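Raw contents of upload_1.cif, mmCIF, C-alpha atoms:
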data_coords
loop_
_atom_site.label_atom_id
_atom_site.label_comp_id
_atom_site.auth_asym_id
_atom_site.auth_seq_id
_atom_site.Cartn_x
_atom_site.Cartn_y
_atom_site.Cartn_z
CA MET A 1 -25.02 65.48 -25.23
CA ASN A 2 -23.93 67.24 -22.05
CA GLU A 3 -25.12 64.91 -19.26
CA ARG A 4 -24.74 67.65 -16.66
CA LYS A 5 -27.55 69.60 -18.24
CA ALA A 6 -30.99 70.20 -16.73
CA LEU A 7 -33.91 72.60 -16.94
CA LEU A 8 -35.82 73.84 -13.90
CA ILE A 9 -39.52 74.60 -14.40
CA LEU A 10 -40.33 76.87 -11.48
CA HIS A 11 -43.76 77.97 -10.30
CA GLY A 12 -44.05 81.71 -10.92
CA LYS A 13 -44.73 82.44 -7.25
CA GLN A 14 -41.23 81.20 -6.43
CA ALA A 15 -39.43 83.57 -8.79
CA LEU A 16 -37.98 85.60 -5.92
CA ASN A 17 -37.09 82.63 -3.70
CA GLU A 18 -33.50 83.38 -2.69
CA ALA A 19 -32.84 79.83 -1.47
CA VAL A 20 -33.73 78.52 -4.92
CA ARG A 21 -31.54 81.12 -6.62
CA THR A 22 -28.59 80.22 -4.38
CA ALA A 23 -29.11 76.50 -5.01
CA VAL A 24 -29.20 77.03 -8.79
CA GLU A 25 -26.03 79.10 -8.70
CA GLY A 26 -24.40 76.39 -6.62
CA LYS A 27 -25.14 73.70 -9.22
CA ARG A 28 -23.85 75.95 -11.98
CA ALA A 29 -20.63 76.40 -10.04
CA GLU A 30 -20.32 72.61 -9.97
CA GLY A 31 -20.40 72.55 -13.76
CA TRP A 32 -24.08 72.03 -14.44
CA ASP A 33 -25.76 73.69 -17.41
CA LEU A 34 -28.90 74.58 -15.46
CA ALA A 35 -31.57 76.73 -17.14
CA VAL A 36 -34.69 78.12 -15.44
CA ARG A 37 -38.18 78.76 -16.83
CA LEU A 38 -41.20 80.15 -14.95
CA THR A 39 -44.86 79.15 -15.14
CA TRP A 40 -47.48 81.88 -15.33
CA GLU A 41 -50.83 80.23 -16.13
CA ALA A 42 -52.53 76.89 -16.69
CA GLY A 43 -50.87 74.84 -19.41
CA ASP A 44 -47.42 76.38 -18.98
CA ALA A 45 -45.93 73.30 -17.32
CA ARG A 46 -46.82 71.03 -20.23
CA ARG A 47 -45.61 73.57 -22.78
CA LEU A 48 -42.31 74.11 -20.98
CA VAL A 49 -41.69 70.36 -20.69
CA GLY A 50 -42.16 70.07 -24.44
CA GLU A 51 -39.78 72.95 -25.10
CA ALA A 52 -37.17 71.48 -22.73
CA LEU A 53 -37.22 68.10 -24.44
CA ALA A 54 -37.05 69.70 -27.89
CA LEU A 55 -33.91 71.58 -26.78
CA GLY A 56 -32.25 68.35 -25.71
CA TYR A 57 -32.75 68.50 -21.95
CA ARG A 58 -33.19 65.01 -20.51
CA GLN A 59 -33.33 65.98 -16.85
CA VAL A 60 -36.22 68.22 -15.83
CA ILE A 61 -36.63 69.74 -12.37
CA ALA A 62 -40.13 70.49 -11.07
CA GLY A 63 -40.08 73.41 -8.63
CA GLY A 64 -43.34 74.07 -6.79
CA GLY A 65 -46.09 72.43 -4.78
CA ASP A 66 -47.79 69.06 -5.28
CA GLY A 67 -49.93 70.39 -8.13
CA THR A 68 -46.92 71.70 -10.07
CA LEU A 69 -45.06 68.43 -9.55
CA ARG A 70 -48.10 66.51 -10.82
CA ASP A 71 -48.43 68.65 -13.95
CA ILE A 72 -44.77 68.24 -14.89
CA ALA A 73 -44.73 64.51 -14.08
CA GLU A 74 -47.79 63.99 -16.31
CA ALA A 75 -46.22 65.94 -19.18
CA LEU A 76 -42.99 63.96 -18.96
CA ALA A 77 -44.81 60.63 -18.77
CA ASN A 78 -46.81 61.51 -21.89
CA ALA A 79 -43.71 62.51 -23.86
CA ASP A 80 -42.17 59.81 -26.03
CA VAL A 81 -38.68 60.68 -24.78
CA ASP A 82 -36.35 59.02 -22.29
CA ALA A 83 -36.15 61.80 -19.70
CA SER A 84 -36.13 61.94 -15.91
CA LEU A 85 -37.56 64.16 -13.18
CA VAL A 86 -36.04 65.82 -10.12
CA LEU A 87 -38.41 67.13 -7.44
CA LEU A 88 -37.80 70.55 -5.89
CA PRO A 89 -40.62 70.77 -3.31
CA LEU A 90 -41.66 74.37 -2.63
CA GLY A 91 -45.34 74.06 -1.65
CA THR A 92 -47.16 74.17 1.67
CA ALA A 93 -47.84 70.47 2.12
CA ASN A 94 -45.21 68.81 -0.13
CA ASP A 95 -46.95 65.53 0.61
CA PHE A 96 -45.30 63.38 -2.04
CA ALA A 97 -41.82 64.77 -1.42
CA ARG A 98 -42.07 64.24 2.33
CA SER A 99 -43.25 60.63 1.85
CA ALA A 100 -40.41 59.97 -0.59
CA GLY A 101 -37.73 61.49 1.65
CA VAL A 102 -36.92 64.29 -0.81
CA PRO A 103 -35.16 67.12 1.07
CA LEU A 104 -37.14 70.33 1.44
CA GLU A 105 -34.01 72.51 1.32
CA PRO A 106 -33.49 73.55 -2.34
CA ALA A 107 -29.74 72.89 -2.41
CA LYS A 108 -30.17 69.37 -0.99
CA ALA A 109 -33.08 68.66 -3.34
CA LEU A 110 -31.01 69.68 -6.39
CA ALA A 111 -28.24 67.34 -5.21
CA LEU A 112 -30.55 64.51 -6.35
CA LEU A 113 -29.45 65.37 -9.90
CA GLU A 114 -26.42 63.22 -9.07
CA VAL A 115 -28.51 60.22 -7.93
CA PRO A 116 -29.53 57.64 -10.57
CA ALA A 117 -33.18 57.88 -11.61
CA ARG A 118 -35.57 55.04 -10.75
CA ALA A 119 -38.65 54.00 -12.69
CA ILE A 120 -41.81 54.65 -10.67
CA ASP A 121 -45.53 54.17 -11.20
CA LEU A 122 -48.08 56.91 -11.70
CA GLY A 123 -51.80 56.78 -11.06
CA GLY A 124 -54.19 57.44 -13.91
CA VAL A 125 -57.82 58.43 -14.30
CA GLY A 126 -59.04 59.04 -17.84
CA GLU A 127 -56.37 61.10 -19.59
CA GLN A 128 -55.04 62.53 -16.32
CA MET A 129 -52.21 61.14 -14.23
CA PHE A 130 -51.20 61.73 -10.65
CA LEU A 131 -47.93 61.44 -8.82
CA ASN A 132 -49.24 61.31 -5.28
CA MET A 133 -52.89 60.64 -4.54
CA ALA A 134 -56.54 60.99 -5.44
CA THR A 135 -58.61 61.87 -2.39
CA GLY A 136 -62.28 62.19 -1.62
CA GLY A 137 -64.56 63.17 1.22
CA PHE A 138 -64.38 65.79 3.92
CA GLY A 139 -60.57 66.00 3.74
CA SER A 140 -60.75 67.03 0.10
CA LEU A 141 -63.24 69.76 0.99
CA VAL A 142 -60.82 71.03 3.63
CA THR A 143 -57.92 71.04 1.15
CA ALA A 144 -59.94 72.90 -1.46
CA ASN A 145 -61.11 75.53 1.03
CA THR A 146 -57.85 76.27 2.82
CA SER A 147 -56.84 79.78 1.82
CA GLU A 148 -53.44 80.67 0.45
CA ASP A 149 -53.02 83.32 3.15
CA LEU A 150 -53.64 80.74 5.88
CA LYS A 151 -51.12 78.37 4.26
CA LYS A 152 -48.51 81.14 4.28
CA LEU A 153 -49.24 81.87 7.94
CA LEU A 154 -49.51 78.34 9.34
CA GLY A 155 -47.91 76.07 6.74
CA GLY A 156 -49.24 72.50 6.81
CA ALA A 157 -51.14 73.20 10.05
CA ALA A 158 -53.51 75.37 7.98
CA TYR A 159 -55.33 72.22 6.80
CA LEU A 160 -55.95 71.05 10.35
CA PHE A 161 -57.12 74.53 11.38
CA THR A 162 -59.55 74.69 8.46
CA GLY A 163 -60.85 71.19 9.21
CA LEU A 164 -61.54 72.01 12.85
CA SER A 165 -63.31 75.22 11.87
CA ARG A 166 -65.62 73.43 9.38
CA PHE A 167 -66.93 70.57 11.49
CA SER A 168 -70.47 71.89 11.06
CA GLU A 169 -70.16 70.78 7.42
CA LEU A 170 -68.94 67.27 8.23
CA HIS A 171 -71.19 64.64 6.64
CA ALA A 172 -70.92 61.26 4.99
CA ALA A 173 -71.43 60.60 1.30
CA TYR A 174 -72.30 57.37 -0.47
CA GLY A 175 -69.71 55.65 -2.63
CA GLU A 176 -69.17 52.30 -4.32
CA LEU A 177 -65.73 50.91 -5.19
CA GLN A 178 -64.99 47.82 -7.24
CA GLY A 179 -61.73 46.21 -8.39
CA PRO A 180 -60.15 42.77 -8.79
CA ASP A 181 -61.60 40.60 -5.99
CA PHE A 182 -62.71 43.75 -4.17
CA HIS A 183 -66.11 45.37 -3.72
CA TRP A 184 -67.22 47.88 -1.12
CA LYS A 185 -70.18 50.24 -0.94
CA GLY A 186 -71.59 52.45 1.76
CA ASP A 187 -71.28 55.82 3.43
CA LEU A 188 -67.78 57.17 3.79
CA LEU A 189 -66.06 60.18 5.28
CA ALA A 190 -62.74 59.95 3.46
CA LEU A 191 -61.15 58.09 0.58
CA GLY A 192 -57.55 57.82 -0.59
CA ILE A 193 -56.33 56.21 -3.82
CA GLY A 194 -52.61 56.43 -3.37
CA ASN A 195 -49.50 56.11 -5.40
CA GLY A 196 -47.88 58.06 -2.55
CA ARG A 197 -48.68 57.82 1.15
CA GLN A 198 -49.98 61.08 2.55
CA ALA A 199 -52.26 63.98 1.65
CA GLY A 200 -53.79 67.11 3.13
CA GLY A 201 -50.63 68.39 4.76
CA GLY A 202 -49.16 65.22 6.23
CA HIS A 203 -52.04 62.83 6.95
CA PRO A 204 -51.00 59.24 6.03
CA LEU A 205 -54.07 57.99 4.18
CA CYS A 206 -52.13 55.17 2.47
CA PRO A 207 -49.26 54.51 4.89
CA GLU A 208 -47.86 51.42 3.14
CA ALA A 209 -47.96 52.68 -0.46
CA LEU A 210 -45.00 52.06 -2.76
CA VAL A 211 -44.33 53.76 -6.08
CA ASP A 212 -42.77 50.79 -7.85
CA ASP A 213 -45.07 47.87 -7.01
CA GLY A 214 -47.55 48.19 -9.88
CA LEU A 215 -50.47 48.75 -7.48
CA LEU A 216 -52.59 51.55 -6.07
CA ASP A 217 -53.32 51.63 -2.34
CA ILE A 218 -57.00 52.11 -1.51
CA SER A 219 -58.01 53.50 1.89
CA ILE A 220 -61.66 54.02 2.89
CA LEU A 221 -62.83 55.65 6.10
CA PRO A 222 -66.40 54.37 6.52
CA ALA A 223 -69.01 56.50 8.22
CA PRO A 224 -71.50 54.80 10.51
CA GLN A 225 -73.44 57.55 12.23
CA GLU A 226 -71.70 57.13 15.56
CA MET A 227 -68.29 57.70 13.96
CA ILE A 228 -68.84 61.44 13.53
CA GLY A 229 -68.29 62.01 17.23
CA THR A 230 -65.35 59.60 17.26
CA LEU A 231 -63.74 61.48 14.39
CA ARG A 232 -64.05 64.77 16.23
CA GLU A 233 -62.17 63.32 19.20
CA LEU A 234 -59.50 61.66 17.08
CA MET A 235 -58.92 64.72 14.91
CA THR A 236 -58.45 67.04 17.87
CA GLY A 237 -56.11 64.45 19.37
CA GLY A 238 -53.89 64.18 16.32
CA TRP A 239 -55.70 62.16 13.62
CA GLY A 240 -55.22 58.68 15.15
CA LEU A 241 -57.50 57.10 12.55
CA ASP A 242 -55.43 54.25 11.17
CA ASN A 243 -57.34 51.37 12.74
CA LEU A 244 -60.67 52.63 11.32
CA PHE A 245 -59.73 52.38 7.63
CA ILE A 246 -60.63 49.65 5.15
CA ARG A 247 -57.63 49.06 2.89
CA ALA A 248 -56.80 47.25 -0.34
CA ARG A 249 -54.02 47.18 -2.94
CA LEU A 250 -55.27 46.98 -6.53
CA PRO A 251 -54.05 47.56 -10.09
CA TRP A 252 -57.32 49.40 -10.81
CA VAL A 253 -60.49 50.45 -9.08
CA GLU A 254 -63.79 51.87 -10.34
CA ILE A 255 -65.69 54.30 -8.16
CA LYS A 256 -69.23 55.59 -8.30
CA VAL A 257 -70.09 58.45 -5.98
CA SER A 258 -73.16 60.34 -4.91
CA GLU A 259 -73.57 64.08 -4.88
CA GLY A 260 -71.67 65.54 -1.96
CA LEU A 261 -68.46 63.51 -2.22
CA TYR A 262 -65.62 65.88 -3.11
CA LEU A 263 -62.80 64.33 -5.15
CA ASN A 264 -59.45 65.79 -6.14
CA LEU A 265 -56.24 64.73 -7.84
CA ASP A 266 -53.14 66.04 -6.06
CA GLY A 267 -55.26 69.06 -5.11
CA GLU A 268 -57.05 69.50 -8.45
CA PRO A 269 -60.87 68.94 -8.41
CA LEU A 270 -62.33 65.96 -10.26
CA LEU A 271 -65.82 66.51 -11.60
CA SER A 272 -67.50 63.15 -12.25
CA ASP A 273 -69.72 60.67 -10.45
CA SER A 274 -68.16 57.60 -12.09
CA LEU A 275 -64.38 57.14 -12.48
CA ARG A 276 -61.86 54.41 -13.14
CA PHE A 277 -58.45 54.72 -11.51
CA GLU A 278 -55.58 52.53 -12.66
CA VAL A 279 -51.88 52.27 -12.08
CA ARG A 280 -49.46 53.17 -14.87
CA PRO A 281 -46.49 50.91 -14.03
CA ALA A 282 -42.98 52.35 -14.43
CA ALA A 283 -44.42 55.37 -16.23
CA LEU A 284 -41.71 57.85 -15.23
CA ARG A 285 -38.08 57.93 -14.11
CA VAL A 286 -37.55 60.04 -10.99
CA HIS A 287 -34.42 60.88 -8.99
CA LEU A 288 -35.39 59.75 -5.48
CA PRO A 289 -33.04 59.47 -2.49
CA GLU A 290 -31.27 56.16 -1.95
CA GLY A 291 -33.35 54.30 0.61
CA SER A 292 -36.54 56.25 -0.14
CA PRO A 293 -39.44 54.77 1.88
CA LEU A 294 -41.57 54.71 -1.27
CA LEU A 295 -39.27 52.29 -3.10
CA SER A 296 -39.69 48.56 -2.65
CA HIS A 297 -35.97 47.95 -3.33
CA ARG A 298 -34.16 50.72 -1.53
CA GLY A 299 -30.72 51.65 -2.74
#
Any chance you could put this one into structure tokens?
Amino acid sequence: MNERKALLILHGKQALNEAVRTAVEGKRAEGWDLAVRLTWEAGDARRLVGEALALGYRQVIAGGGDGTLRDIAEALANADVDASLVLLPLGTANDFARSAGVPLEPAKALALLEVPARAIDLGGVGEQMFLNMATGGFGSLVTANTSEDLKKLLGGAAYLFTGLSRFSELHAAYGELQGPDFHWKGDLLALGIGNGRQAGGGHPLCPEALVDDGLLDISILPAPQEMIGTLRELMTGGWGLDNLFIRARLPWVEIKVSEGLYLNLDGEPLLSDSLRFEVRPAALRVHLPEGSPLLSHRG
């Protein structure tokens, strides 16, 4: 098998990205057999991963935003094949890649093909997996309602702009979380169940999360009535919320939510009022930078 062989699954919107094209040509000039396939509609990522593995590719590159990376990571983790993943972050937020220290420049990201892959955890809920984070609350509503045009115009700042413009909709929702030696219930404004550290365009909901510790990081922002005004002040001042969170690190957590709590999985909506999240230890091998902040043993 040719070890310098990889297949890039690229989000269709990035087909004309000249930086990606130049980076691919650069790897080919270095002797890599690097093929490219484009996604067009839902389900393409899983299908293309299957086709890549059937053709003998054992290094797959995920080119796109957090949702594309999640879809490809899930497909690889579900495949009964020893393959590894390289991240080519091309989205607006790129939350997982930024936390992991993956370069945002395509040529530098593709250079990670030369770095040994490390086994990392994934999060799971039902049959779905997630690379970065499950989130709930007002922040998830903001993420879901930030337009693509605004993302193109403002980048990651689009999420903050949308949040500030929707404060009239800010309200708490009731939730109950239970895990090993952990139980919390009450009104909350935000929730993060993290394999990675940040969500919503750079907000560190789970700032100490690691991807190889066999645990999920739980972060709850409770919502006593007087906190609404406090949140307004903190958000306009730069999201200095860290000391207000309740945090835990658990192998699994069950959550029951009331109507009005928005949940999503790396940006994809979750439609249920009762869910069990659990870690999937060492579920996937990923080429992360040496010294990545998300690794417990760096380099």
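Distance annotation: of A:Leu221, A:Leu271, A:Ala248, A:Leu288, the residue with the minimal separation from A:Ala111 is A:Leu288; atom set is only C-alpha atoms.
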For this session: Please write the residues picked by the PyMOL selection byres ((chain A and resi 3) around 10) on this file as a list in words.
Result: Met1, Asn2, Arg4, Lys5, Ala6, Trp32, Asp33, Tyr57, Arg58 and Gln59 of chain A
Problem set entry | Nearest residue to A:Thr68 from the set A:Leu55, A:Leu244, A:Leu10, A:Ala19 (distances using all atoms listed in the file) | A:Leu10
Go through the shown structure with the PyMOL selection byres ((chain A and resi 295) around 12) and write out the matching residues as a PDB file with C-alpha atoms, in the frame of the given file.
ATOM      1  CA  SER A  99     -43.250  60.630   1.850  1.00  0.00           C
ATOM      2  CA  ALA A 100     -40.410  59.970  -0.590  1.00  0.00           C
ATOM      3  CA  GLY A 101     -37.730  61.490   1.650  1.00  0.00           C
ATOM      4  CA  ALA A 117     -33.180  57.880 -11.610  1.00  0.00           C
ATOM      5  CA  ARG A 118     -35.570  55.040 -10.750  1.00  0.00           C
ATOM      6  CA  ALA A 119     -38.650  54.000 -12.690  1.00  0.00           C
ATOM      7  CA  ILE A 120     -41.810  54.650 -10.670  1.00  0.00           C
ATOM      8  CA  ASP A 121     -45.530  54.170 -11.200  1.00  0.00           C
ATOM      9  CA  ASN A 195     -49.500  56.110  -5.400  1.00  0.00           C
ATOM     10  CA  GLY A 196     -47.880  58.060  -2.550  1.00  0.00           C
ATOM     11  CA  ARG A 197     -48.680  57.820   1.150  1.00  0.00           C
ATOM     12  CA  GLU A 208     -47.860  51.420   3.140  1.00  0.00           C
ATOM     13  CA  ALA A 209     -47.960  52.680  -0.460  1.00  0.00           C
ATOM     14  CA  LEU A 210     -45.000  52.060  -2.760  1.00  0.00           C
ATOM     15  CA  VAL A 211     -44.330  53.760  -6.080  1.00  0.00           C
ATOM     16  CA  ASP A 212     -42.770  50.790  -7.850  1.00  0.00           C
ATOM     17  CA  ASP A 213     -45.070  47.870  -7.010  1.00  0.00           C
ATOM     18  CA  GLY A 214     -47.550  48.190  -9.880  1.00  0.00           C
ATOM     19  CA  ALA A 282     -42.980  52.350 -14.430  1.00  0.00           C
ATOM     20  CA  VAL A 286     -37.550  60.040 -10.990  1.00  0.00           C
ATOM     21  CA  HIS A 287     -34.420  60.880  -8.990  1.00  0.00           C
ATOM     22  CA  LEU A 288     -35.390  59.750  -5.480  1.00  0.00           C
ATOM     23  CA  PRO A 289     -33.040  59.470  -2.490  1.00  0.00           C
ATOM     24  CA  GLU A 290     -31.270  56.160  -1.950  1.00  0.00           C
ATOM     25  CA  GLY A 291     -33.350  54.300   0.610  1.00  0.00           C
ATOM     26  CA  SER A 292     -36.540  56.250  -0.140  1.00  0.00           C
ATOM     27  CA  PRO A 293     -39.440  54.770   1.880  1.00  0.00           C
ATOM     28  CA  LEU A 294     -41.570  54.710  -1.270  1.00  0.00           C
ATOM     29  CA  SER A 296     -39.690  48.560  -2.650  1.00  0.00           C
ATOM     30  CA  HIS A 297     -35.970  47.950  -3.330  1.00  0.00           C
ATOM     31  CA  ARG A 298     -34.160  50.720  -1.530  1.00  0.00           C
ATOM     32  CA  GLY A 299     -30.720  51.650  -2.740  1.00  0.00           C
TER      33      GLY A 299
END
List the residues matched by the PyMOL selection byres ((chain A and resi 109) around 12) in the displayed structure as a compact mmCIF listing (two decimals) with C-alpha atoms, in the coordinates of the input, ordered by chain and then by residue number.
# COMPACT_ATOMS: atom_id res chain seq x y z
CA ALA A 19 -32.84 79.83 -1.47
CA VAL A 20 -33.73 78.52 -4.92
CA ALA A 23 -29.11 76.50 -5.01
CA VAL A 24 -29.20 77.03 -8.79
CA LYS A 27 -25.14 73.70 -9.22
CA ILE A 61 -36.63 69.74 -12.37
CA ALA A 62 -40.13 70.49 -11.07
CA GLY A 63 -40.08 73.41 -8.63
CA LEU A 85 -37.56 64.16 -13.18
CA VAL A 86 -36.04 65.82 -10.12
CA LEU A 87 -38.41 67.13 -7.44
CA LEU A 88 -37.80 70.55 -5.89
CA PRO A 89 -40.62 70.77 -3.31
CA LEU A 90 -41.66 74.37 -2.63
CA ALA A 97 -41.82 64.77 -1.42
CA ARG A 98 -42.07 64.24 2.33
CA ALA A 100 -40.41 59.97 -0.59
CA GLY A 101 -37.73 61.49 1.65
CA VAL A 102 -36.92 64.29 -0.81
CA PRO A 103 -35.16 67.12 1.07
CA LEU A 104 -37.14 70.33 1.44
CA GLU A 105 -34.01 72.51 1.32
CA PRO A 106 -33.49 73.55 -2.34
CA ALA A 107 -29.74 72.89 -2.41
CA LYS A 108 -30.17 69.37 -0.99
CA LEU A 110 -31.01 69.68 -6.39
CA ALA A 111 -28.24 67.34 -5.21
CA LEU A 112 -30.55 64.51 -6.35
CA LEU A 113 -29.45 65.37 -9.90
CA GLU A 114 -26.42 63.22 -9.07
CA VAL A 115 -28.51 60.22 -7.93
CA HIS A 287 -34.42 60.88 -8.99
CA LEU A 288 -35.39 59.75 -5.48
CA PRO A 289 -33.04 59.47 -2.49
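Distance check against A:Lys13 using all atoms listed in the file: of A:Asn132, A:Ala199, A:Leu34, A:Thr39, the minimum falls on A:Thr39.
Across the model, the gap from atom CA of A:Val257 to atom CA of A:Gly175 is 4.4 Å.
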For this session: Can you work out which one of A:Pro251, A:Pro116, A:Gly91, A:Gly12 has the shortest atom-to-atom distance to A:Pro180, counting all atoms listed in the file?
Result: A:Pro251
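Taking atom CA of A:Gly64 and atom CA of A:His11 as the two end points, the separation is 5.3 Å.
Note that the spacing between atom CA of A:Gly56 and atom CA of A:Leu76 amounts to 13.4 Å.
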For this session: Kindly provide, as a list in words, the polymer residues lying within 7 Å of (-39.3, 63.6, -17.1), counting only C-alpha atoms and using the coordinates exactly as they appear in the file.
Result: Gln59, Val60, Ala73, Leu76, Ala77, Ala83, Ser84, Leu85, Leu284 and Arg285 of chain A
Exercise. For A:Thr135, which of A:Arg46, A:Ile246, A:Val36, A:Leu189 is the closest residue, counting only C-alpha atoms?
Worked result: A:Leu189
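Each of A:Gly192, A:Gly136, A:Pro222, A:Gly201 was checked against A:Phe245 using all atoms listed in the file; the smallest atom-to-atom distance is that of A:Pro222.
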For this session: Could you give me, as a list in words, the residues within 7 Å of A:Lys256, counting all atoms listed in the file and dropping anything in the same chain fewer than 2 positions from it?
Result: Gly175, Glu176, Leu177, Glu254, Asp273, Ser274 and Leu275 of chain A
Box for stretch 88-100 of chain A: with edges along x, y and z, all listed atoms inside and 4 Å added on each side, what are the centre and edge lengths in Å to one decimal, as AutoDock Vina command-line options?
--center_x -42.8 --center_y 67.2 --center_z -1.8 --size_x 18.0 --size_y 22.4 --size_z 16.2
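Close contacts of A:Ile193, defined as residues with an atom at most 8 Å away when counting all atoms listed in the file, with chain neighbours fewer than 2 positions off set aside, comprise Met133, Ala134, Thr135, Leu191, Asn195, Cys206, Leu216, Asp217, Ile218 and Ser219 of chain A.
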Would you mind putting back N, CA, C and O atoms on stretch 175-189 of chain A, then writing it out as a short mmCIF file (atom, residue, chain, number, x, y, z; two decimals), keeping the file's coordinate frame?
data_model
loop_
_atom_site.label_atom_id
_atom_site.label_comp_id
_atom_site.auth_asym_id
_atom_site.auth_seq_id
_atom_site.Cartn_x
_atom_site.Cartn_y
_atom_site.Cartn_z
N GLY A 175 -70.63 56.02 -1.56
CA GLY A 175 -69.71 55.65 -2.63
C GLY A 175 -69.68 54.15 -2.81
O GLY A 175 -69.98 53.38 -1.88
N GLU A 176 -69.32 53.73 -4.01
CA GLU A 176 -69.17 52.30 -4.32
C GLU A 176 -67.86 52.10 -5.07
O GLU A 176 -67.60 52.78 -6.08
N LEU A 177 -67.03 51.18 -4.58
CA LEU A 177 -65.73 50.91 -5.19
C LEU A 177 -65.65 49.44 -5.58
O LEU A 177 -66.04 48.56 -4.79
N GLN A 178 -65.12 49.18 -6.77
CA GLN A 178 -64.99 47.82 -7.24
C GLN A 178 -63.69 47.65 -8.01
O GLN A 178 -63.31 48.49 -8.83
N GLY A 179 -62.97 46.55 -7.71
CA GLY A 179 -61.73 46.21 -8.39
C GLY A 179 -61.55 44.72 -8.38
O GLY A 179 -62.47 43.97 -7.99
N PRO A 180 -60.39 44.21 -8.79
CA PRO A 180 -60.15 42.77 -8.79
C PRO A 180 -60.32 42.15 -7.40
O PRO A 180 -59.60 42.50 -6.47
N ASP A 181 -61.31 41.27 -7.28
CA ASP A 181 -61.60 40.60 -5.99
C ASP A 181 -61.87 41.59 -4.86
O ASP A 181 -61.59 41.30 -3.69
N PHE A 182 -62.41 42.74 -5.19
CA PHE A 182 -62.71 43.75 -4.17
C PHE A 182 -64.00 44.47 -4.52
O PHE A 182 -64.19 44.89 -5.66
N HIS A 183 -64.88 44.59 -3.53
CA HIS A 183 -66.11 45.37 -3.72
C HIS A 183 -66.53 45.93 -2.37
O HIS A 183 -66.61 45.21 -1.38
N TRP A 184 -66.75 47.23 -2.34
CA TRP A 184 -67.22 47.88 -1.12
C TRP A 184 -68.20 48.97 -1.51
O TRP A 184 -67.98 49.70 -2.49
N LYS A 185 -69.27 49.13 -0.74
CA LYS A 185 -70.18 50.24 -0.94
C LYS A 185 -70.74 50.65 0.41
O LYS A 185 -70.88 49.84 1.34
N GLY A 186 -71.04 51.93 0.52
CA GLY A 186 -71.59 52.45 1.76
C GLY A 186 -71.28 53.91 1.94
O GLY A 186 -70.76 54.57 1.03
N ASP A 187 -71.58 54.43 3.12
CA ASP A 187 -71.28 55.82 3.43
C ASP A 187 -69.83 55.93 3.88
O ASP A 187 -69.33 55.10 4.63
N LEU A 188 -69.18 56.98 3.42
CA LEU A 188 -67.78 57.17 3.79
C LEU A 188 -67.52 58.63 4.12
O LEU A 188 -68.21 59.52 3.64
N LEU A 189 -66.49 58.82 4.93
CA LEU A 189 -66.06 60.18 5.28
C LEU A 189 -64.82 60.59 4.50
O LEU A 189 -64.63 61.77 4.22
#
